[in-house]
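Trainee: This one is entry-v1.txt, compact mmCIF, C-alpha atoms.
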# COMPACT_ATOMS: atom_id res chain seq x y z
CA MET A 1 116.39 113.49 97.86
CA ALA A 2 114.19 115.28 100.38
CA ASP A 3 111.07 116.97 99.05
CA THR A 4 111.43 120.72 98.60
CA GLY A 5 107.79 121.57 98.11
CA CYS A 6 107.62 122.34 94.39
CA SER A 7 110.29 120.01 93.07
CA ARG A 8 109.24 116.88 91.17
CA ARG A 9 105.56 117.46 91.85
CA ILE A 10 103.10 116.40 89.18
CA PHE A 11 99.34 116.46 88.88
CA LEU A 12 97.34 113.53 87.52
CA LYS A 13 93.95 114.18 85.97
CA GLY A 14 92.49 111.56 83.68
CA SER A 15 95.32 110.81 81.29
CA GLY A 16 96.80 114.31 81.44
CA TYR A 17 99.60 115.71 83.54
CA ALA A 18 101.35 118.95 84.32
CA ALA A 19 104.59 119.71 86.09
CA ALA A 20 104.55 121.88 89.16
CA GLY A 21 104.63 125.59 88.42
CA LEU A 22 102.83 125.18 85.08
CA LEU A 23 99.26 126.03 84.26
CA PHE A 24 96.94 123.09 84.85
CA GLY A 25 93.20 123.10 84.39
CA GLY A 26 93.22 126.88 84.08
CA SER A 27 94.99 127.58 87.35
CA LEU A 28 98.55 127.85 88.53
CA VAL A 29 99.84 124.90 90.51
CA GLY A 30 100.92 126.08 93.95
CA CYS A 31 103.68 124.88 96.26
CA THR A 32 101.77 124.63 99.51
CA SER A 33 101.96 121.90 102.10
CA THR A 34 98.88 119.78 102.75
CA GLY A 35 96.50 120.01 105.67
CA GLY A 36 98.36 122.82 107.36
CA GLY A 37 95.34 123.63 109.51
CA GLY A 38 95.06 120.09 110.82
CA GLY A 39 91.52 119.65 109.43
CA ASP A 40 89.89 116.47 108.14
CA PRO A 41 91.83 115.52 104.98
CA LEU A 42 88.84 113.63 103.56
CA GLU A 43 86.61 116.67 103.73
CA SER A 44 89.40 118.91 102.45
CA ALA A 45 90.05 116.61 99.49
CA ARG A 46 86.37 116.50 98.57
CA GLN A 47 86.01 120.26 98.83
CA GLU A 48 89.13 120.89 96.73
CA GLY A 49 88.49 117.98 94.35
CA ARG A 50 92.07 116.81 94.75
CA VAL A 51 94.31 114.80 97.06
CA ARG A 52 98.06 114.73 97.58
CA VAL A 53 100.08 111.50 97.51
CA GLY A 54 103.76 110.61 97.88
CA ILE A 55 105.71 108.30 95.58
CA ALA A 56 109.33 107.09 95.58
CA GLY A 57 110.17 106.83 91.87
CA GLU A 58 110.39 103.01 91.83
CA ALA A 59 109.04 101.03 88.87
CA PRO A 60 106.64 99.35 88.62
CA TYR A 61 105.16 100.64 91.90
CA GLY A 62 105.14 104.43 91.46
CA PHE A 63 107.37 106.43 89.15
CA THR A 64 107.56 109.21 86.56
CA ASP A 65 107.68 107.88 83.01
CA GLN A 66 109.71 109.26 80.08
CA ALA A 67 106.86 111.58 79.16
CA GLY A 68 106.98 113.15 82.63
CA ARG A 69 103.76 111.52 83.82
CA VAL A 70 103.42 109.89 87.23
CA THR A 71 102.25 106.30 86.80
CA GLY A 72 102.80 102.82 88.19
CA GLU A 73 100.62 100.36 90.05
CA ALA A 74 100.04 102.45 93.16
CA PRO A 75 99.33 105.86 91.52
CA GLU A 76 96.97 104.26 88.99
CA VAL A 77 95.09 102.32 91.66
CA ALA A 78 94.98 105.42 93.88
CA ARG A 79 93.57 107.47 91.04
CA ALA A 80 90.80 104.90 90.46
CA VAL A 81 90.02 104.66 94.19
CA PHE A 82 89.83 108.42 94.68
CA ARG A 83 87.67 108.74 91.60
CA LYS A 84 85.19 106.40 93.31
CA MET A 85 85.36 108.74 96.31
CA GLY A 86 84.48 111.73 94.13
CA ILE A 87 88.04 113.13 94.04
CA ASN A 88 89.30 113.46 90.49
CA ASP A 89 92.75 115.06 90.82
CA VAL A 90 95.73 113.31 92.41
CA GLU A 91 98.81 115.42 93.08
CA ALA A 92 102.02 113.40 93.44
CA THR A 93 105.25 114.43 95.13
CA GLN A 94 108.36 112.24 94.75
CA VAL A 95 110.75 111.78 97.68
CA ASP A 96 113.29 109.13 98.64
CA PHE A 97 111.63 105.92 99.80
CA ASN A 98 112.93 106.26 103.36
CA GLN A 99 111.43 109.77 103.54
CA LEU A 100 107.89 108.74 102.61
CA ILE A 101 106.51 108.20 106.12
CA PRO A 102 108.36 111.19 107.66
CA ALA A 103 107.03 113.43 104.86
CA LEU A 104 103.53 112.00 105.33
CA ASN A 105 103.61 112.77 109.04
CA ALA A 106 104.99 116.24 108.28
CA ARG A 107 101.77 116.76 106.24
CA ARG A 108 103.54 117.20 102.90
CA PHE A 109 100.93 114.85 101.46
CA ASP A 110 98.05 112.76 102.79
CA VAL A 111 98.72 109.29 101.38
CA VAL A 112 101.76 107.25 100.42
CA ALA A 113 101.15 105.54 97.06
CA ALA A 114 104.41 103.66 96.57
CA GLY A 115 103.60 99.97 96.99
CA MET A 116 105.05 100.01 100.51
CA PHE A 117 105.13 96.63 102.29
CA ILE A 118 103.28 96.40 105.60
CA THR A 119 105.74 95.75 108.45
CA PRO A 120 105.39 95.95 112.24
CA GLN A 121 108.06 98.67 112.37
CA ARG A 122 106.26 100.89 109.87
CA CYS A 123 102.92 100.29 111.60
CA GLN A 124 104.34 102.02 114.67
CA ASN A 125 104.62 105.30 112.73
CA ALA A 126 101.71 105.24 110.29
CA ALA A 127 98.44 103.49 109.45
CA PHE A 128 98.16 101.16 106.46
CA SER A 129 95.17 100.52 104.24
CA ILE A 130 93.91 97.00 103.67
CA PRO A 131 96.51 95.05 101.68
CA ASP A 132 96.49 96.22 98.09
CA TYR A 133 98.54 93.36 96.70
CA ILE A 134 100.74 90.47 97.72
CA ALA A 135 104.13 89.84 96.15
CA PRO A 136 104.87 86.11 95.96
CA THR A 137 108.38 84.96 95.25
CA SER A 138 109.15 83.60 91.78
CA PHE A 139 112.12 82.47 89.74
CA LEU A 140 113.32 83.82 86.43
CA VAL A 141 114.27 80.70 84.48
CA PRO A 142 115.20 79.73 80.90
CA ARG A 143 112.16 79.42 78.67
CA GLY A 144 110.51 76.07 79.28
CA ASN A 145 112.17 75.75 82.72
CA PRO A 146 114.03 72.53 81.76
CA GLU A 147 115.20 71.90 85.36
CA GLY A 148 111.68 72.34 86.74
CA VAL A 149 112.70 74.80 89.48
CA THR A 150 109.75 76.13 91.48
CA ARG A 151 111.14 76.35 95.04
CA PHE A 152 114.43 77.18 96.75
CA GLU A 153 114.74 73.53 97.73
CA ASP A 154 114.93 72.62 94.02
CA VAL A 155 118.04 74.79 93.65
CA THR A 156 119.77 72.84 96.40
CA ARG A 157 118.58 69.43 95.30
CA LYS A 158 119.71 69.92 91.69
CA ASN A 159 122.94 71.71 92.63
CA LEU A 160 122.08 74.76 90.50
CA ARG A 161 123.47 78.28 90.63
CA MET A 162 120.98 81.04 91.35
CA ALA A 163 121.07 84.85 91.37
CA VAL A 164 119.60 87.28 93.88
CA LEU A 165 119.39 91.06 94.01
CA SER A 166 121.68 92.88 96.42
CA GLY A 167 119.75 93.93 99.52
CA ALA A 168 116.65 91.92 98.63
CA VAL A 169 115.08 89.37 100.96
CA GLU A 170 115.55 86.43 98.60
CA LYS A 171 119.18 85.96 99.65
CA ASP A 172 118.02 85.55 103.24
CA TYR A 173 115.23 83.19 102.15
CA ALA A 174 117.76 81.04 100.27
CA ALA A 175 120.11 80.85 103.26
CA ARG A 176 117.34 80.02 105.73
CA LEU A 177 116.00 77.32 103.39
CA GLY A 178 119.35 75.63 103.07
CA VAL A 179 120.70 76.77 99.70
CA PRO A 180 124.51 76.58 100.01
CA GLU A 181 126.18 79.98 99.88
CA GLY A 182 128.40 78.85 97.02
CA GLN A 183 125.36 78.36 94.78
CA VAL A 184 124.10 81.94 95.27
CA GLN A 185 125.44 84.93 93.33
CA THR A 186 124.47 88.53 94.13
CA PHE A 187 123.88 91.22 91.49
CA ASP A 188 123.19 94.94 91.75
CA SER A 189 120.28 95.33 89.30
CA GLN A 190 117.36 93.48 87.81
CA THR A 191 118.95 93.84 84.37
CA ALA A 192 122.05 92.07 85.71
CA LEU A 193 119.85 89.23 86.97
CA LEU A 194 118.35 88.82 83.51
CA GLN A 195 121.77 88.87 81.86
CA ALA A 196 123.13 86.26 84.27
CA VAL A 197 120.29 83.88 83.38
CA THR A 198 120.49 84.44 79.63
CA ASP A 199 124.29 84.08 79.68
CA GLN A 200 123.88 80.81 81.65
CA ARG A 201 126.11 82.02 84.48
CA VAL A 202 123.24 80.98 86.74
CA TYR A 203 120.25 78.81 86.07
CA CYS A 204 117.68 81.05 87.76
CA ALA A 205 117.13 84.31 89.61
CA ALA A 206 114.83 84.78 92.62
CA LEU A 207 112.77 87.93 93.21
CA THR A 208 109.11 88.90 93.64
CA ASN A 209 106.96 87.83 90.72
CA ILE A 210 105.88 91.45 90.28
CA SER A 211 109.43 92.63 89.65
CA LEU A 212 110.25 89.66 87.42
CA ASN A 213 107.06 90.04 85.37
CA ASP A 214 107.92 93.70 84.85
CA LEU A 215 111.46 92.74 83.82
CA VAL A 216 110.23 90.21 81.25
CA GLN A 217 107.65 92.65 79.92
CA LYS A 218 110.42 95.17 79.28
CA ASN A 219 112.61 92.55 77.58
CA PRO A 220 110.17 90.65 75.33
CA GLY A 221 112.91 89.03 73.24
CA ALA A 222 114.72 87.40 76.17
CA PRO A 223 114.42 83.57 76.18
CA VAL A 224 113.18 83.44 79.77
CA GLU A 225 109.96 83.02 81.73
CA VAL A 226 108.70 83.58 85.27
CA THR A 227 107.62 80.65 87.41
CA GLN A 228 104.35 80.64 89.30
CA GLY A 229 104.54 82.71 92.47
CA PHE A 230 104.75 81.09 95.90
CA THR A 231 105.11 82.14 99.52
CA PRO A 232 108.24 80.70 101.16
CA VAL A 233 107.50 78.88 104.41
CA ILE A 234 110.41 79.17 106.83
CA ASP A 235 110.35 77.55 110.27
CA GLY A 236 106.67 76.86 109.72
CA LYS A 237 105.84 80.53 109.10
CA PRO A 238 104.76 81.95 105.70
CA GLU A 239 106.89 84.91 104.65
CA ILE A 240 104.10 87.11 103.24
CA GLN A 241 105.01 90.35 101.47
CA ALA A 242 101.97 92.61 101.12
CA GLY A 243 101.93 96.19 99.87
CA ALA A 244 99.43 98.86 100.81
CA PHE A 245 98.72 102.59 100.92
CA VAL A 246 99.83 104.54 103.98
CA PHE A 247 98.03 107.21 105.99
CA ARG A 248 98.68 109.26 109.11
CA ARG A 249 97.48 107.39 112.16
CA GLU A 250 94.91 110.05 113.04
CA ASP A 251 93.30 110.19 109.58
CA ASP A 252 90.77 107.41 110.18
CA SER A 253 87.97 108.78 108.00
CA LEU A 254 90.17 109.12 104.92
CA ARG A 255 91.65 105.65 105.39
CA GLU A 256 88.30 103.96 106.04
CA GLU A 257 86.67 105.53 102.99
CA PHE A 258 89.72 104.61 100.91
CA ASN A 259 89.52 101.01 102.15
CA ARG A 260 85.86 100.79 101.16
CA ALA A 261 86.57 101.97 97.61
CA LEU A 262 89.70 99.79 97.30
CA ARG A 263 87.69 96.70 98.28
CA GLU A 264 85.20 97.54 95.55
CA LEU A 265 88.04 97.79 93.06
CA HIS A 266 89.41 94.39 94.11
CA ASP A 267 86.02 92.67 94.11
CA SER A 268 84.87 94.04 90.74
CA GLY A 269 87.89 92.84 88.76
CA GLU A 270 88.73 96.40 87.78
CA TRP A 271 91.93 96.27 89.87
CA VAL A 272 93.40 93.51 87.70
CA ARG A 273 92.70 95.48 84.54
CA ILE A 274 94.42 98.58 85.96
CA VAL A 275 97.56 96.82 87.21
CA GLN A 276 98.23 94.37 84.36
CA PRO A 277 100.41 96.86 82.42
CA PHE A 278 102.80 96.88 85.40
CA GLY A 279 103.27 93.11 85.60
CA PHE A 280 100.63 92.39 88.24
CA THR A 281 98.08 89.60 87.79
CA GLN A 282 95.13 88.02 89.58
CA GLU A 283 97.74 86.10 91.56
CA ASN A 284 98.74 89.34 93.29
CA LEU A 285 95.30 89.96 94.79
CA PRO A 286 95.52 89.50 98.58
CA PRO A 287 93.64 86.50 99.98
CA ALA A 288 90.94 87.34 102.50
CA ASP A 289 93.01 85.92 105.37
CA VAL A 290 95.91 88.33 104.76
CA THR A 291 95.07 91.33 106.93
CA THR A 292 96.80 94.54 107.88
CA GLU A 293 96.25 93.82 111.56
CA GLU A 294 98.06 90.48 111.38
CA LEU A 295 100.92 91.86 109.29
CA CYS A 296 101.37 94.76 111.71
CA ALA A 297 101.52 92.33 114.63
CA ALA A 298 103.81 89.79 112.90
CA GLY A 299 107.27 89.15 114.20
Let's see the structure in the file written out as C-alpha cells.

Mentor:
Amino acid sequence: MADTGCSRRIFLKGSGYAAAGLLFGGSLVGCTSTGGGGGDPLESARQEGRVRVGIAGEAPYGFTDQAGRVTGEAPEVARAVFRKMGINDVEATQVDFNQLIPALNARRFDVVAAGMFITPQRCQNAAFSIPDYIAPTSFLVPRGNPEGVTRFEDVTRKNLRMAVLSGAVEKDYAARLGVPEGQVQTFDSQTALLQAVTDQRVYCAALTNISLNDLVQKNPGAPVEVTQGFTPVIDGKPEIQAGAFVFRREDDSLREEFNRALRELHDSGEWVRIVQPFGFTQENLPPADVTTEELCAAG
C-alpha cells in the first residue's frame, strides 16, 4: 500500500506511542511531508527533536505490534542511535517494502529503518549506512539435530528432504550448491516451514538465522532448534546478506552522524541487548571486513 501521509503513521517516544491524528506529548500530530524545503535533515531533526523513518511492516525487522506500537530490530536500533544524536522522537510511516526507497527520495521520511539488505541495485538509488547486521544462513532442524546437518552439502550427502521459503534466496543457494531439485520442497510461510519439519515431511528448513530464531522464539514448544549460522560460499564467493539503514544520497551529514552513533552502539554491546528480543545475537554483528562500499560494488 502506498503511503497516504497520515495513514499508519506512529510516533515512538521512550516506550510510549500514539497513532497519527491523536494528541501526543501535548500537541496534535500533523500529516506533513518531511524536508519540504530541501534543508539539512540533520539540523531539522535536532531543531524539532524528532526524525521520520519508513518501515515495511515485516517482523522481526520493523513492524507494528498488537498494541499498535512500532517496534522491531530496525526501529529499536534507530531509536537508540537517534537518542545518542540528541533526537528523542522517531516518527514511523509504514509503506510497502518496494515503496521504501521511492518514498524516501520523495521526502516522505528521512531514513528507511526496515532491515533492508545492501545490494548494488539499491545503492544506485540511495545511500546505505554502515552494515547494521549480517544474516547468516541456518537450518531449522529437529531438536538435537540427529543427522548433523550444518551445510547444504550435508543435505545432498545424506539424501535428506529440505524446505525453503517461496521467493527466498535459499532455494537458489541449494540449487547452486548441488542439492537435487527432488530433495527441495517450497512453502509459502515460515509457519509452514516449521510444520513441515515437525511433521517430518522434511528433515530441515533453510532460511536466515534471524528469521528462524524469531520463528522458534514464537513457538517455544516446538521440538526444533536452529543450527549455527554460516555464509554459503558459491563459486568461491561468499554470499553475504547484510542489512542497513537507508538515506537519500545527498544527506551526507545525517548519514555520517548516524554511522558514528551506530558504531558506538555496536562497539559498546548495547546493540546486542536491544536486538535480542527479535532473535538477533552477537553472531549477527557485522565483521569489520564487511563494508557498505564492497557490498554496493559486488556483482

Trainee: Quick check, in Å to one decimal: how far apart do atom CA of A:Ala126 and atom CA of A:Ala74 lie?

Mentor: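 About the pair atom CA of A:Ala126 and atom CA of A:Ala74: they are 17.4 Å apart.
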
Trainee: Can you tell me, as number ranges by chain, what residues are no more than 12 Å from A:Val246 when counting all atoms listed in the file, ignoring any on the same chain fewer than 6 positions away?

Mentor: A: 53-55, 74, 78, 100-105, 109-119, 122-132, 252, 254-256, 258-259, 292

Trainee: Compare A:Leu42, A:Leu207, A:Ile240, A:Val155 by their minimum atom-to-atom distance to A:Gln183, counting only C-alpha atoms, and give me the closest one.

Mentor: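 Residue with the minimum atom-to-atom distance to A:Gln183: A:Val155.
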
Trainee: Using all atoms listed in the file - which residues lie no farther than 8 Å from the point (109.4, 107.7, 95.7) in the file's frame? Write them as a PyMOL selection string.

Mentor: chain A and resi 54-58+62-63+93-97+100+114

Trainee: Calculate how many Å separate atom CA of A:Val77 from atom CA of A:Glu293, rounding to one decimal.

Mentor: 21.7 Å

Trainee: List as a VMD selection string the protein and nucleic acid residues near A:Arg201, meaning an atom at most 10 Å away when all atoms listed in the file are counted, but skip any in the same chain fewer than 6 places from it.

Mentor: chain A and resid 161 to 163 185 193 195
